[in-house]
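Worksheet: the structure to be examined is printed underneath.
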Amino acid sequence: MSAKAIHEATGKSYLNKFLDQTVAVPSKFAIVTAETNWTSIELEHPWLNTQKLVAKPDQLIKRRGKLGLIKVNADLGEVKQWVADRLGSDVTIGNSVGKLKRFIVEPFVAHQQNEEYYVCIYSHREGDAVLFHHEGGIDIGDVDSKASKVEVPIGHSLDINSVQTQLLPNIATDRQGIVLKFIEALYRVYVDLHFTYLEINPLVVTGGQVFILDLAAKIDQCAEYLCKHLWGDVEFPPPFGREAYPEEAYIAELDAKSGASLKLTILNPKGRIWTMVAGGGASVIYADTICDLGGTSELANYGEYSGAPSEQQTYDYAKTILSLMCKETHPDGKILIIGGGIANFTNVAATFKGIVRSLREYQQKLIDGKVSIFVRRAGPNFQEGLRIMRELGETLGVPIHVFGPETHMTAIVGMALGKAPVSRPVKQLSTTANFLLPGGQNGNQSVPGSGGTASGGGDGGPVTDPKSAVSVESSRAKPSCHLFSRETKAIVWGMQSRAVQGMLDFDYVCSRQAPSVVAIWYPLVGDHKQKFYWGHKEILIPVYKRTEDVMRNHPDADVLVSFASLRSAYESTEEALQYPQIRTIAIIAEGIPENLTRQLIMMANEKNVTIIGPATVGALKPGCFKIGNTGGMLDNILTSKLYRPGSVAYVSRSGGMSNELNNILCLNADGVYEGVAIGGDRYPGTTFMDHIERYQDNPDVKMIVMLGEVGGVEEYKIVEGIKHGRLTKPIVAWCIGTCAKMFTSEVQFGHAGSCANAEAETAVSKNEALRAVGAHVPRSFDDLGTTIKSVYEDLVSKKVIAPRTEVAPPPVPMDYNWARELGLIRKPASFMTSICDERGQELLYAGVPITDVFREDLGIGGVLSLLWFQKRLPKYASKFIEMCLMVTADHGPAVSGAHNTIVCARAGKDLVSSLASGLLTIGDRFGGALDGAAKQFTEAYDTGLIPMEMVNSMRKKGQLIMGIGHRVKSINNPDMRVVILKKFATENFPSTPLLNYATEVEKITTSKKPNLILNVDGLIGVAMVDLLRNSGCFTREEANEYVEIGALNGLFVLGRSIGFIGHYLDQKRLKQGLYRHPWDDISYVLPEQYGQQ
């Protein structure tokens, strides 16, 4: 989303803060809602009790004065009553019905009618327009015809002389200077705060002062990263007549946290028809089709998911929609349309897995609600996605009808609404994502209307050589109508390995002689080379850090494909424009601030550089070149025959719909000659007309297809071009968004530019205008393919298009990772893990989400139990583990491990090296007795030896009993660590047979020597065996296995690491120097030295 409306109060607060107070009186206002405490706001705004007031709703309502929604010149009591009478009441404005929920109360400014003026600033493609009229107020009428206008071109400042001479001649001379100063300051704030629209009506000038009475404004939401410190936290209210739902806010939050696009607008929560559509353009078309077929009143939502969301993100999105849909039932049942075009890079199977999870979760509610589901999707891995959907249909208990690219995109809408019979899916071609399987497509497939041949867009006649199937343009200078050729060389900004490999695979399947990508430019890494595939062969593509290096080393590269983020796209594009060799730039990023985009357009126009985007997937020229992910993966490139040129060129705003057009043109004509997605942002770098004029001038293009949309007026340039004879080739045109006029409130569709601000910007008006001048405009998008086929067949019959024999492309090997994703191959994994999974939306410890770990307060002991033992141990077990870590954390600096750590720390070693030095001392002699004690005591106990027999047996073997004995502590001076752990175990464990056994052994050993006590290692060892065996969580075999593999020693290692790190930090904090052991603490014992005889 780009330009978004803000509350009047928000706009006035910005002007209060940033507009010079010498040019206008700061606006005072108070906000009143149902939660307002009048006593509190009277204390906060004392002027409420001392001045006459104005009250009005602050909910994006236009013409409030005409509607009687302003209370003027009233005291506080009257305002309170007026607001109370209307607060929460329903009001009908046009076709919209909404509740009045928010009011703004301001001081009343007494003035005369001739002191009211009208001021408006708005942005457009070429610059900003400043409008002014000397008569403001509610009776201003048609502003466009009355107001005077001054244009401010991009890159220029507001011309004060023009303002004075063109805008202000009709106001009193003594006020001109005041208003001039105000407009100048207002425009600076407009630019600095990235407003896109700012209207003040009326602006009152009285008593030598300027007052801003009524204000309406929009700001560029995409500029938030630039203006957050200026805007603060800004609320974007919904249009009047549409409620703000928490589910919408939740999806907006998901969208903000994701690199993907997730949008949801709830139109009618009681509606029967729900949609879950992939792609901004496709989502509009599905809404259009539903409305065209009479479903407007039952359409419940508008939204889209796109940009390769993860399985978890799609699950969250789908779950939100299902929760809304299943809140109540409908007597006729409900319909869920899961639709979309042919994806360019989104893994369809991954997104469908998320949708399937949510459908299973709501299975019973879907059955109770008599829901019918219709699915149509295509793109990378769509076969797997459709397969899991069909399998779900066999077990879910509700009907699921599944279709792929063989079915027209919106055909499922007619089926869902009962306007067309539910057809049986057509058998798919045997293609995969990167390879054409044998028998999936033969070299002589027929093309519609061509009698078994396909047009190559050249001089006609059969073609037998695969290379000659594509017109070669390298032998002549490239005319202005050509952006790309078979020799085009490109630089890619960003480490987008998948996109680069896709471009190389396209080159290979088009039988190019050399790869199109010659270099990668990425300032965040050093110069190196990246490995890619050219067919079967591995090649290296250089990566450069500095711009001058990449341009100097590749002077023949004239295309830049920029995957820079929205924050860095402006700077990187501006830098690239300094190099004359760059003639075309594709900007993929969505959401670049409009002011920055317009500056880029201006710079590009000055340098005669073509910009495709922003917010685009790119462009392609079959047989020659493609940008990034355009055209999708190779299965779509093959099935849509994008490896050779056709006769039809198209231009579209939507990137996703460009891929759908590739499919439609392949099915209904001889395919694509060139296709460009100009981008969904409000100001694309190039317009429809820019490209259609190129197509008009290109003799190889025989017909043109244009897919426009609601919002903007660029399509009218095509109308004028046809009307004045500039465009003479057949043009099939359709503007999406015809549903917008049927909604009772304004809807911002998926693209930033998809919102009509005037009647002329509606899709319906555009389609009518195009039809009136002779463009071929279908009745609806459903008929687009039929219209294209009709025009194409007419051109074939007139021999304008000369058919050519179809030639099969060379096969391209499939990437190993993608083949594995498709389930076509298998390979033993190099590693196996069963304790942790970081791949999904949320980290899992032994299957437990990390949020559950914190919500259930599992603690360190609980985490250790999950990661070490793959089980949720009882609370007492987790607590005991934590106690073990606590008591083993440290035992002073004199022990060998701590000593080594200290010596390393003082030698200047880092934390990890010092810690490793200390840990390497752990063994049988220091700290490693836990496992040994557990094994010895367990073996003696399990074999039935009584404690005395165990002691005698170890004596006979000449072995020490592990876990028995202490250098300092004794039976008379017990180790409190042992006392604490022993007490906890005996009081909380279900049983402690091995601990009891070890205690009896201790009685025997201490009777001989008082320091032969059960030490902390021994106690932890035997107590942990009791815990493993008697907690009910492990079998005897599992318990023994954990002892054998060293799990118990792990407790000492983990605990003592805490102390070792403490000693390291202590030495660094004390700034201790290099340690050298004193000589007097070393006994030098050398062989006797005898003098020579």
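A note on labels: chains of the structure tokens are A, B, ... as shown, every chain counts residues from 1, and ligands are counted from 1 in their shown order.
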
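Close contacts of A:Ile104, defined as residues with an atom at most 6 Å away when counting only C-alpha atoms, with chain neighbours fewer than 2 positions off set aside, comprise Ala30, Ile31, Ala55, Lys56 and Asp58 of chain A.
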
Do you have, as a tab-separated table, the list of residues of stretch 594-709 of chain A lying at most 12 Å from stretch 774-781 of chain A, each with its nearest atom pair and that distance in Å to one decimal, counting only C-alpha atoms and ordered by chain then number?
```
residue	atom	partner	partner_atom	distance
A:Met657	CA	A:Phe781	CA	11.5
A:Glu660	CA	A:Phe781	CA	11.6
A:Leu661	CA	A:Phe781	CA	11.2
A:Ile664	CA	A:Phe781	CA	11.2
A:Met703	CA	A:His776	CA	10.8
A:Ile704	CA	A:Ala775	CA	10.0
A:Val705	CA	A:His776	CA	9.2
A:Met706	CA	A:Val777	CA	9.9
A:Leu707	CA	A:Phe781	CA	9.6
A:Gly708	CA	A:Phe781	CA	11.3
A:Glu709	CA	A:Phe781	CA	11.6
```

Exercise. What is the atom CA of A:Ile902-atom CA of A:Tyr1084 distance in Å, reported with one decimal?
Worked result: 24.3 Å

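The set of residues in stretch 788-841 of chain A assigned to strand (DSSP E or B) by DSSP, using only backbone atoms of this structure, is Pro803, Arg804, Cys836 and Asp837 of chain A.
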
For this session: Pick out the residues sitting within 8 Å of stretch 840-854 of chain A, and hand them over as a PyMOL selection string; count only C-alpha atoms, and ignore anything fewer than 6 positions along from it in its own chain.
Result: chain A and resi 310-313+834+862-863+866-867+870-871
